[in-house]
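Undergrad: Pasting data_29.json here (JSON, C-alpha atoms):
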[["chain", "number", "residue", "atom", "x", "y", "z"],
["A", 703, "PRO", "CA", -18.74, 7.35, 26.47],
["A", 704, "VAL", "CA", -17.65, 6.63, 22.92],
["A", 705, "THR", "CA", -19.84, 7.83, 20.07],
["A", 706, "PRO", "CA", -20.64, 4.93, 17.70],
["A", 707, "HIS", "CA", -18.59, 5.03, 14.51],
["A", 708, "ARG", "CA", -20.11, 4.27, 11.10],
["A", 709, "ALA", "CA", -18.36, 0.88, 11.07],
["A", 710, "LEU", "CA", -20.32, -0.15, 14.14],
["A", 711, "THR", "CA", -23.65, 0.50, 12.41],
["A", 712, "GLY", "CA", -22.85, -1.81, 9.47],
["A", 713, "ASP", "CA", -22.38, 1.06, 7.01],
["A", 714, "GLY", "CA", -18.59, 1.04, 7.00],
["A", 715, "THR", "CA", -15.62, -1.21, 7.56],
["A", 716, "VAL", "CA", -13.29, -2.20, 10.36],
["A", 717, "PHE", "CA", -9.52, -2.22, 10.12],
["A", 718, "VAL", "CA", -7.64, -5.44, 10.83],
["A", 719, "PRO", "CA", -3.93, -4.76, 11.44],
["A", 720, "LEU", "CA", -1.27, -7.18, 10.17],
["A", 721, "THR", "CA", 2.43, -7.54, 10.68],
["A", 722, "PRO", "CA", 3.74, -5.75, 7.56],
["A", 723, "CYS", "CA", 3.77, -8.20, 4.67],
["A", 724, "ARG", "CA", 5.11, -7.90, 1.12],
["A", 725, "VAL", "CA", 2.70, -8.55, -1.77],
["A", 726, "VAL", "CA", 4.77, -7.14, -4.67],
["A", 727, "ASP", "CA", 8.49, -6.67, -5.31],
["A", 728, "THR", "CA", 9.46, -5.99, -8.91],
["A", 729, "ARG", "CA", 13.14, -6.43, -7.99],
["A", 730, "VAL", "CA", 12.38, -10.13, -7.40],
["A", 731, "THR", "CA", 10.14, -10.71, -10.41],
["A", 732, "GLY", "CA", 8.68, -8.57, -13.17],
["A", 733, "GLY", "CA", 11.50, -6.05, -13.39],
["A", 734, "PRO", "CA", 11.19, -2.28, -13.46],
["A", 735, "PHE", "CA", 8.07, -0.54, -14.74],
["A", 736, "ALA", "CA", 8.54, 1.38, -17.98],
["A", 737, "ASP", "CA", 7.11, 4.88, -18.41],
["A", 738, "ARG", "CA", 3.28, 4.68, -18.56],
["A", 739, "GLU", "CA", 3.27, 0.91, -17.99],
["A", 740, "ILE", "CA", 0.24, -0.56, -16.20],
["A", 741, "ARG", "CA", 0.33, -3.83, -14.25],
["A", 742, "ALA", "CA", -2.37, -5.67, -12.30],
["A", 743, "TYR", "CA", -1.75, -7.40, -8.96],
["A", 744, "GLU", "CA", -3.45, -9.74, -6.52],
["A", 745, "ILE", "CA", -3.53, -8.34, -2.99],
["A", 746, "ALA", "CA", -6.16, -10.47, -1.20],
["A", 747, "GLY", "CA", -6.60, -14.23, -1.07],
["A", 748, "SER", "CA", -3.95, -16.90, -1.30],
["A", 749, "GLY", "CA", -2.13, -18.90, -3.94],
["A", 750, "SER", "CA", 0.92, -18.89, -6.16],
["A", 751, "ALA", "CA", 0.22, -15.43, -7.66],
["A", 752, "PHE", "CA", 1.96, -13.74, -4.72],
["A", 753, "ALA", "CA", 5.32, -15.45, -5.21],
["A", 754, "ALA", "CA", 5.01, -14.70, -8.94],
["A", 755, "GLN", "CA", 4.66, -10.99, -7.99],
["A", 756, "GLY", "CA", 7.74, -11.10, -5.73],
["A", 757, "GLY", "CA", 5.56, -11.17, -2.61],
["A", 758, "LYS", "CA", 5.19, -13.56, 0.31],
["A", 759, "ALA", "CA", 4.46, -17.07, -0.93],
["A", 760, "ASP", "CA", 0.73, -17.83, -0.62],
["A", 761, "GLY", "CA", -0.15, -14.23, 0.32],
["A", 762, "CYS", "CA", -0.51, -12.19, 3.47],
["A", 763, "GLY", "CA", -3.74, -13.58, 4.89],
["A", 764, "ILE", "CA", -5.97, -10.85, 3.52],
["A", 765, "PRO", "CA", -9.45, -12.30, 2.96],
["A", 766, "ALA", "CA", -10.94, -12.09, -0.54],
["A", 767, "GLU", "CA", -13.82, -10.06, 0.96],
["A", 768, "ALA", "CA", -11.50, -7.20, 2.02],
["A", 769, "SER", "CA", -12.58, -3.88, 0.54],
["A", 770, "GLY", "CA", -9.22, -2.16, 0.95],
["A", 771, "VAL", "CA", -5.74, -2.27, 2.44],
["A", 772, "GLU", "CA", -3.32, 0.00, 4.23],
["A", 773, "ALA", "CA", -0.28, -0.14, 1.96],
["A", 774, "SER", "CA", 3.22, 1.26, 1.72],
["A", 775, "ILE", "CA", 4.48, 1.63, -1.83],
["A", 776, "THR", "CA", 8.16, 2.27, -2.43],
["A", 777, "SER", "CA", 9.72, 3.50, -5.65],
["A", 778, "VAL", "CA", 13.22, 1.98, -5.84],
["A", 779, "SER", "CA", 15.94, 3.41, -8.10],
["A", 780, "PRO", "CA", 13.74, 5.61, -10.29],
["A", 781, "SER", "CA", 15.64, 6.69, -13.40],
["A", 782, "ALA", "CA", 13.72, 9.98, -13.68],
["A", 783, "SER", "CA", 11.23, 12.05, -11.74],
["A", 784, "GLY", "CA", 7.58, 11.14, -12.08],
["A", 785, "PHE", "CA", 4.67, 9.65, -10.20],
["A", 786, "PHE", "CA", 2.78, 6.43, -9.50],
["A", 787, "ARG", "CA", -0.93, 5.65, -9.38],
["A", 788, "ALA", "CA", -2.57, 2.68, -7.62],
["A", 789, "TYR", "CA", -6.29, 1.99, -7.91],
["A", 790, "PRO", "CA", -8.92, -0.80, -7.87],
["A", 791, "ALA", "CA", -8.43, -3.03, -10.92],
["A", 792, "ASP", "CA", -12.13, -2.85, -11.84],
["A", 793, "GLN", "CA", -12.21, 0.97, -11.87],
["A", 794, "PRO", "CA", -10.93, 3.55, -14.36],
["A", 795, "MET", "CA", -7.57, 5.10, -13.52],
["A", 796, "PRO", "CA", -7.99, 8.15, -11.28],
["A", 797, "THR", "CA", -6.20, 11.44, -11.75],
["A", 798, "ALA", "CA", -4.94, 11.29, -8.15],
["A", 799, "THR", "CA", -1.32, 10.32, -7.56],
["A", 800, "PHE", "CA", -0.35, 7.90, -4.79],
["A", 801, "LEU", "CA", 3.40, 8.59, -4.90],
["A", 802, "SER", "CA", 5.62, 11.27, -6.45],
["A", 803, "LYS", "CA", 9.24, 10.34, -7.16],
["A", 804, "THR", "CA", 12.50, 12.12, -7.85],
["A", 805, "ALA", "CA", 15.22, 10.70, -10.08],
["A", 806, "HIS", "CA", 17.68, 8.39, -8.30],
["A", 807, "GLN", "CA", 15.99, 8.71, -4.88],
["A", 808, "ASP", "CA", 14.06, 5.85, -3.25],
["A", 809, "ILE", "CA", 10.82, 7.06, -1.68],
["A", 810, "THR", "CA", 7.87, 5.48, 0.14],
["A", 811, "ASN", "CA", 4.30, 6.61, 0.66],
["A", 812, "THR", "CA", 1.69, 4.94, 2.86],
["A", 813, "GLY", "CA", -2.07, 5.14, 2.57],
["A", 814, "ALA", "CA", -5.35, 3.30, 2.27],
["A", 815, "LEU", "CA", -6.18, 1.78, -1.12],
["A", 816, "ALA", "CA", -9.54, 0.39, -2.24],
["A", 817, "LEU", "CA", -9.50, -3.04, -3.91],
["A", 818, "ALA", "CA", -11.54, -4.32, -6.86],
["A", 819, "THR", "CA", -14.93, -5.75, -5.97],
["A", 820, "THR", "CA", -15.45, -7.90, -9.08],
["A", 821, "GLY", "CA", -12.83, -10.63, -8.56],
["A", 822, "GLY", "CA", -9.71, -11.09, -10.63],
["A", 823, "PRO", "CA", -6.80, -8.75, -9.99],
["A", 824, "ASP", "CA", -7.36, -6.50, -6.99],
["A", 825, "LEU", "CA", -5.16, -3.55, -7.85],
["A", 826, "LYS", "CA", -3.76, -1.83, -10.91],
["A", 827, "ALA", "CA", -0.61, 0.25, -10.80],
["A", 828, "ARG", "CA", 0.76, 2.71, -13.35],
["A", 829, "ASN", "CA", 4.17, 4.32, -13.50],
["A", 830, "PHE", "CA", 4.74, 7.74, -15.04],
["A", 831, "GLY", "CA", 8.21, 9.11, -15.75],
["A", 832, "GLY", "CA", 11.37, 7.04, -16.08],
["A", 833, "THR", "CA", 11.69, 3.40, -15.17],
["A", 834, "SER", "CA", 11.38, 2.35, -11.54],
["A", 835, "GLN", "CA", 11.21, -0.78, -9.43],
["A", 836, "TYR", "CA", 8.32, -0.94, -6.94],
["A", 837, "VAL", "CA", 7.68, -2.69, -3.63],
["A", 838, "ILE", "CA", 4.18, -2.95, -2.12],
["A", 839, "ASP", "CA", 3.80, -3.94, 1.53],
["A", 840, "VAL", "CA", 0.49, -4.18, 3.40],
["A", 841, "ALA", "CA", -0.02, -3.48, 7.11],
["A", 842, "GLY", "CA", -3.70, -4.30, 7.40],
["A", 843, "TYR", "CA", -7.01, -4.53, 5.60],
["A", 844, "PHE", "CA", -10.52, -3.08, 5.75],
["A", 845, "ILE", "CA", -13.52, -5.42, 5.82],
["A", 846, "ALA", "CA", -17.24, -5.27, 6.62],
["A", 847, "PRO", "CA", -17.72, -5.89, 10.35],
["A", 848, "ASP", "CA", -20.16, -8.76, 9.80],
["A", 849, "LEU", "CA", -17.49, -10.75, 7.89],
["A", 850, "ILE", "CA", -14.98, -11.06, 10.77],
["A", 851, "ASP", "CA", -14.85, -11.75, 14.49],
["A", 852, "ASP", "CA", -12.05, -9.31, 15.35],
["A", 853, "GLY", "CA", -11.07, -5.89, 14.08],
["A", 854, "THR", "CA", -10.47, -2.30, 15.05],
["A", 855, "VAL", "CA", -12.70, 0.64, 14.27],
["A", 856, "PHE", "CA", -10.67, 3.15, 12.27],
["A", 857, "VAL", "CA", -10.90, 6.69, 13.59],
["A", 858, "PRO", "CA", -9.03, 9.23, 11.44],
["A", 859, "LEU", "CA", -6.90, 11.90, 13.11],
["A", 860, "THR", "CA", -5.28, 15.06, 11.90],
["A", 861, "PRO", "CA", -1.66, 14.03, 11.20],
["A", 862, "CYS", "CA", 0.48, 14.33, 14.32],
["A", 863, "ARG", "CA", 4.24, 13.82, 14.61],
["A", 864, "VAL", "CA", 5.33, 11.39, 17.34],
["A", 865, "VAL", "CA", 9.03, 11.03, 16.41],
["A", 866, "ASP", "CA", 11.49, 13.48, 14.86],
["A", 867, "THR", "CA", 15.13, 12.37, 14.97],
["A", 868, "ARG", "CA", 16.16, 15.87, 13.90],
["A", 869, "VAL", "CA", 15.01, 17.08, 17.35],
["A", 870, "THR", "CA", 16.30, 14.18, 19.46],
["A", 871, "GLY", "CA", 18.23, 11.01, 18.75],
["A", 872, "GLY", "CA", 19.95, 12.12, 15.56],
["A", 873, "PRO", "CA", 20.18, 10.23, 12.28],
["A", 874, "PHE", "CA", 19.86, 6.45, 12.18],
["A", 875, "ALA", "CA", 23.02, 4.48, 11.42],
["A", 876, "ASP", "CA", 22.87, 1.74, 8.79],
["A", 877, "ARG", "CA", 20.77, -1.17, 10.19],
["A", 878, "GLU", "CA", 20.22, 0.58, 13.53],
["A", 879, "ILE", "CA", 17.07, -0.40, 15.44],
["A", 880, "ARG", "CA", 15.28, 1.89, 17.92],
["A", 881, "ALA", "CA", 12.13, 1.48, 19.98]]
Before we go any further, please render this structure as structure tokens.
TA:
Amino acid sequence: PVTPHRALTGDGTVFVPLTPCRVVDTRVTGGPFADREIRAYEIAGSGSAFAAQGGKADGCGIPAEASGVEASITSVSPSASGFFRAYPADQPMPTATFLSKTAHQDITNTGALALATTGGPDLKARNFGGTSQYVIDVAGYFIAPDLIDDGTVFVPLTPCRVVDTRVTGGPFADREIRA
């Protein structure tokens, strides 16, 4: 038997997975962030804002009622080491860092991000250190169970490695695909 999860009692959220979808790409529009620059982005809903952010035209199908997203944020071509913060647009900036970057090395981090609850922009982002381009992709969203017909209860696990190409398979070649 499965023990009921908080999301099943109405006190939490369910996770709805998506095919990864781009909501922001500063290489397409907006250009690199300067040191300490803050920008606000739409993540949920639909409309022309997404194309204007370098994302998928008309959005990724995330409902406006979503309370958060699972996102991958990539720092592309950072000019210096530093870090990046992402947080709900209606909240003060936290001291927690979402992504740390090293000069001249692209890097990605993935995690859950809460979205604003007051309407308007959903997410604010701030760059620290040298200039950097950023790409934000979403792979799913969190929403109250009574607002959708289908979703998946999220059950956190202690991180566990399922693939390590250093042990078997070796390095990927450019554009190589593996299952």
Undergrad: Would you pick out the contacts of segment 825-837 of chain A at 6 Å or less, using all atoms listed in the file, so that residues sharing its chain but fewer than 4 positions from it are not included, and give the list as a ChimeraX atom specification?
TA: /A:726-728,734-743,775-791,817
Undergrad: So the first atom is atom CA of Gly732 of chain A and the second is atom CA of Ala773 of chain A; what is the distance between them in Å, to one decimal place?
TA: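 Computing the Euclidean distance for atom CA of Gly732 of chain A and atom CA of Ala773 of chain A yields 19.5 Å.
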Undergrad: Please indicate the distance in Å from atom CA of Leu815 of chain A to atom CA of Val771 of chain A, rounded to one decimal place.
TA: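 Separation of atom CA of Leu815 of chain A and atom CA of Val771 of chain A: 5.4 Å.
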Undergrad: Give the answer as one residue: which of A:Thr804, A:Thr812, A:Thr799, A:Thr721 has the shortest atom-to-atom distance to Ile764 of chain A, using all atoms listed in the file?
TA: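 Going through A:Thr804, A:Thr812, A:Thr799, A:Thr721 one by one, the smallest distance to Ile764 of chain A is for A:Thr721.
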Undergrad: Write out as a ChimeraX atom specification which residues come within 10 Å of Gly770 of chain A when counting all atoms listed in the file, dropping same-chain ones fewer than 2 positions away.
TA: /A:715,717,745-746,764,767-768,772-773,790,814-819,824-825,842-845
Undergrad: So, counting only C-alpha atoms, which residue among A:Glu878, A:Asp839, A:Asp848, A:Asp760 is closest to Pro722 of chain A?
TA: A:Asp839
Undergrad: Quick one: residues within 8 Å of Asn811 of chain A, only C-alpha atoms, excluding same-chain residues fewer than 2 positions away - as a PDB file with C-alpha atoms, keeping the file's coordinate frame?
TA:
ATOM      1  CA  SER A 774       3.220   1.260   1.720  1.00  0.00           C
ATOM      2  CA  ILE A 775       4.480   1.630  -1.830  1.00  0.00           C
ATOM      3  CA  THR A 776       8.160   2.270  -2.430  1.00  0.00           C
ATOM      4  CA  PHE A 800      -0.350   7.900  -4.790  1.00  0.00           C
ATOM      5  CA  LEU A 801       3.400   8.590  -4.900  1.00  0.00           C
ATOM      6  CA  ILE A 809      10.820   7.060  -1.680  1.00  0.00           C
ATOM      7  CA  GLY A 813      -2.070   5.140   2.570  1.00  0.00           C
TER       8      GLY A 813
END
Undergrad: Which of these residues is nearest to Asp792 of chain A, using only C-alpha atoms: A:His806, A:Ser750, A:Gly763, A:Gly822?
TA: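 Result for the nearest residue to Asp792 of chain A: A:Gly822.
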Undergrad: For atom CA of Ala753 of chain A and atom CA of Ile850 of chain A, quote the distance in Å rounded to one decimal.
TA: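 Answer for the atom CA of Ala753 of chain A to atom CA of Ile850 of chain A separation: 26.2 Å.
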Undergrad: Counting only C-alpha atoms, which of A:Ala805, A:Ala875, A:Val718, A:Ile838 gets nearest to Pro765 of chain A?
TA: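 For Pro765 of chain A, the nearest of the candidates is A:Val718.
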Undergrad: Need the axis-aligned box for segment 864-871 of chain A with 3 Å each side, so what are the centre and edges in Å to one decimal, as JSON?
TA:
{"center_x": 11.8, "center_y": 14.0, "center_z": 16.7, "size_x": 18.9, "size_y": 12.1, "size_z": 11.6}
Undergrad: Could all heavy atoms be built for segment 727-738 of chain A and written out as a PDB file, in the frame of the given file?
TA:
ATOM      1  N   ASP A 727       7.121  -7.182  -5.265  1.00  0.00           N
ATOM      2  CA  ASP A 727       8.490  -6.670  -5.310  1.00  0.00           C
ATOM      3  C   ASP A 727       9.018  -6.901  -6.717  1.00  0.00           C
ATOM      4  O   ASP A 727       9.376  -8.015  -7.083  1.00  0.00           O
ATOM      5  CB  ASP A 727       9.383  -7.372  -4.277  1.00  0.00           C
ATOM      6  CG  ASP A 727      10.746  -6.710  -4.133  1.00  0.00           C
ATOM      7  OD1 ASP A 727      11.179  -5.985  -5.062  1.00  0.00           O
ATOM      8  OD2 ASP A 727      11.390  -6.927  -3.086  1.00  0.00           O
ATOM      9  N   THR A 728       9.037  -5.852  -7.519  1.00  0.00           N
ATOM     10  CA  THR A 728       9.460  -5.990  -8.910  1.00  0.00           C
ATOM     11  C   THR A 728      10.956  -6.271  -9.047  1.00  0.00           C
ATOM     12  O   THR A 728      11.402  -6.681 -10.110  1.00  0.00           O
ATOM     13  CB  THR A 728       9.084  -4.752  -9.749  1.00  0.00           C
ATOM     14  OG1 THR A 728       9.811  -3.620  -9.271  1.00  0.00           O
ATOM     15  CG2 THR A 728       7.587  -4.487  -9.705  1.00  0.00           C
ATOM     16  N   ARG A 729      11.704  -6.085  -7.958  1.00  0.00           N
ATOM     17  CA  ARG A 729      13.140  -6.430  -7.990  1.00  0.00           C
ATOM     18  C   ARG A 729      13.320  -7.934  -7.990  1.00  0.00           C
ATOM     19  O   ARG A 729      14.328  -8.448  -8.462  1.00  0.00           O
ATOM     20  CB  ARG A 729      13.863  -5.830  -6.782  1.00  0.00           C
ATOM     21  CG  ARG A 729      13.824  -4.308  -6.723  1.00  0.00           C
ATOM     22  CD  ARG A 729      14.298  -3.798  -5.395  1.00  0.00           C
ATOM     23  NE  ARG A 729      13.498  -4.390  -4.312  1.00  0.00           N
ATOM     24  CZ  ARG A 729      13.759  -4.245  -3.024  1.00  0.00           C
ATOM     25  NH1 ARG A 729      14.790  -3.518  -2.641  1.00  0.00           N
ATOM     26  NH2 ARG A 729      12.999  -4.810  -2.111  1.00  0.00           N
ATOM     27  N   VAL A 730      12.332  -8.666  -7.469  1.00  0.00           N
ATOM     28  CA  VAL A 730      12.380 -10.130  -7.400  1.00  0.00           C
ATOM     29  C   VAL A 730      11.847 -10.735  -8.688  1.00  0.00           C
ATOM     30  O   VAL A 730      12.413 -11.687  -9.225  1.00  0.00           O
ATOM     31  CB  VAL A 730      11.571 -10.637  -6.178  1.00  0.00           C
ATOM     32  CG1 VAL A 730      11.492 -12.158  -6.169  1.00  0.00           C
ATOM     33  CG2 VAL A 730      12.184 -10.123  -4.887  1.00  0.00           C
ATOM     34  N   THR A 731      10.738 -10.197  -9.179  1.00  0.00           N
ATOM     35  CA  THR A 731      10.140 -10.710 -10.410  1.00  0.00           C
ATOM     36  C   THR A 731       9.368  -9.584 -11.102  1.00  0.00           C
ATOM     37  O   THR A 731       8.811  -8.720 -10.443  1.00  0.00           O
ATOM     38  CB  THR A 731       9.226 -11.918 -10.140  1.00  0.00           C
ATOM     39  OG1 THR A 731       8.745 -12.439 -11.371  1.00  0.00           O
ATOM     40  CG2 THR A 731       8.060 -11.567  -9.258  1.00  0.00           C
ATOM     41  N   GLY A 732       9.397  -9.582 -12.398  1.00  0.00           N
ATOM     42  CA  GLY A 732       8.680  -8.570 -13.170  1.00  0.00           C
ATOM     43  C   GLY A 732       9.555  -7.466 -13.698  1.00  0.00           C
ATOM     44  O   GLY A 732       9.287  -6.906 -14.744  1.00  0.00           O
ATOM     45  N   GLY A 733      10.594  -7.109 -12.949  1.00  0.00           N
ATOM     46  CA  GLY A 733      11.500  -6.050 -13.390  1.00  0.00           C
ATOM     47  C   GLY A 733      10.882  -4.676 -13.274  1.00  0.00           C
ATOM     48  O   GLY A 733       9.726  -4.523 -12.878  1.00  0.00           O
ATOM     49  N   PRO A 734      11.659  -3.645 -13.616  1.00  0.00           N
ATOM     50  CA  PRO A 734      11.190  -2.280 -13.460  1.00  0.00           C
ATOM     51  C   PRO A 734      10.012  -1.959 -14.384  1.00  0.00           C
ATOM     52  O   PRO A 734       9.906  -2.506 -15.484  1.00  0.00           O
ATOM     53  CB  PRO A 734      12.400  -1.423 -13.805  1.00  0.00           C
ATOM     54  CG  PRO A 734      13.286  -2.303 -14.602  1.00  0.00           C
ATOM     55  CD  PRO A 734      13.009  -3.707 -14.168  1.00  0.00           C
ATOM     56  N   PHE A 735       9.143  -1.082 -13.907  1.00  0.00           N
ATOM     57  CA  PHE A 735       8.070  -0.540 -14.740  1.00  0.00           C
ATOM     58  C   PHE A 735       8.686   0.405 -15.759  1.00  0.00           C
ATOM     59  O   PHE A 735       9.567   1.194 -15.429  1.00  0.00           O
ATOM     60  CB  PHE A 735       7.122   0.303 -13.894  1.00  0.00           C
ATOM     61  CG  PHE A 735       6.009  -0.428 -13.213  1.00  0.00           C
ATOM     62  CD1 PHE A 735       6.252  -1.275 -12.141  1.00  0.00           C
ATOM     63  CD2 PHE A 735       4.698  -0.221 -13.614  1.00  0.00           C
ATOM     64  CE1 PHE A 735       5.212  -1.900 -11.487  1.00  0.00           C
ATOM     65  CE2 PHE A 735       3.649  -0.848 -12.962  1.00  0.00           C
ATOM     66  CZ  PHE A 735       3.902  -1.692 -11.891  1.00  0.00           C
ATOM     67  N   ALA A 736       8.183   0.381 -16.964  1.00  0.00           N
ATOM     68  CA  ALA A 736       8.540   1.380 -17.980  1.00  0.00           C
ATOM     69  C   ALA A 736       7.626   2.591 -17.794  1.00  0.00           C
ATOM     70  O   ALA A 736       6.618   2.530 -17.085  1.00  0.00           O
ATOM     71  CB  ALA A 736       8.366   0.786 -19.370  1.00  0.00           C
ATOM     72  N   ASP A 737       7.957   3.697 -18.436  1.00  0.00           N
ATOM     73  CA  ASP A 737       7.110   4.880 -18.410  1.00  0.00           C
ATOM     74  C   ASP A 737       5.728   4.532 -18.955  1.00  0.00           C
ATOM     75  O   ASP A 737       5.610   3.913 -20.005  1.00  0.00           O
ATOM     76  CB  ASP A 737       7.743   5.990 -19.254  1.00  0.00           C
ATOM     77  CG  ASP A 737       6.922   7.259 -19.258  1.00  0.00           C
ATOM     78  OD1 ASP A 737       6.219   7.536 -18.260  1.00  0.00           O
ATOM     79  OD2 ASP A 737       6.970   7.994 -20.277  1.00  0.00           O
ATOM     80  N   ARG A 738       4.693   4.874 -18.216  1.00  0.00           N
ATOM     81  CA  ARG A 738       3.280   4.680 -18.560  1.00  0.00           C
ATOM     82  C   ARG A 738       2.824   3.219 -18.563  1.00  0.00           C
ATOM     83  O   ARG A 738       1.719   2.904 -18.974  1.00  0.00           O
ATOM     84  CB  ARG A 738       2.933   5.360 -19.878  1.00  0.00           C
ATOM     85  CG  ARG A 738       3.217   6.842 -19.839  1.00  0.00           C
ATOM     86  CD  ARG A 738       2.637   7.590 -21.016  1.00  0.00           C
ATOM     87  NE  ARG A 738       2.976   8.991 -20.931  1.00  0.00           N
ATOM     88  CZ  ARG A 738       2.284   9.911 -20.270  1.00  0.00           C
ATOM     89  NH1 ARG A 738       1.206   9.570 -19.623  1.00  0.00           N
ATOM     90  NH2 ARG A 738       2.656  11.167 -20.249  1.00  0.00           N
TER      91      ARG A 738
END
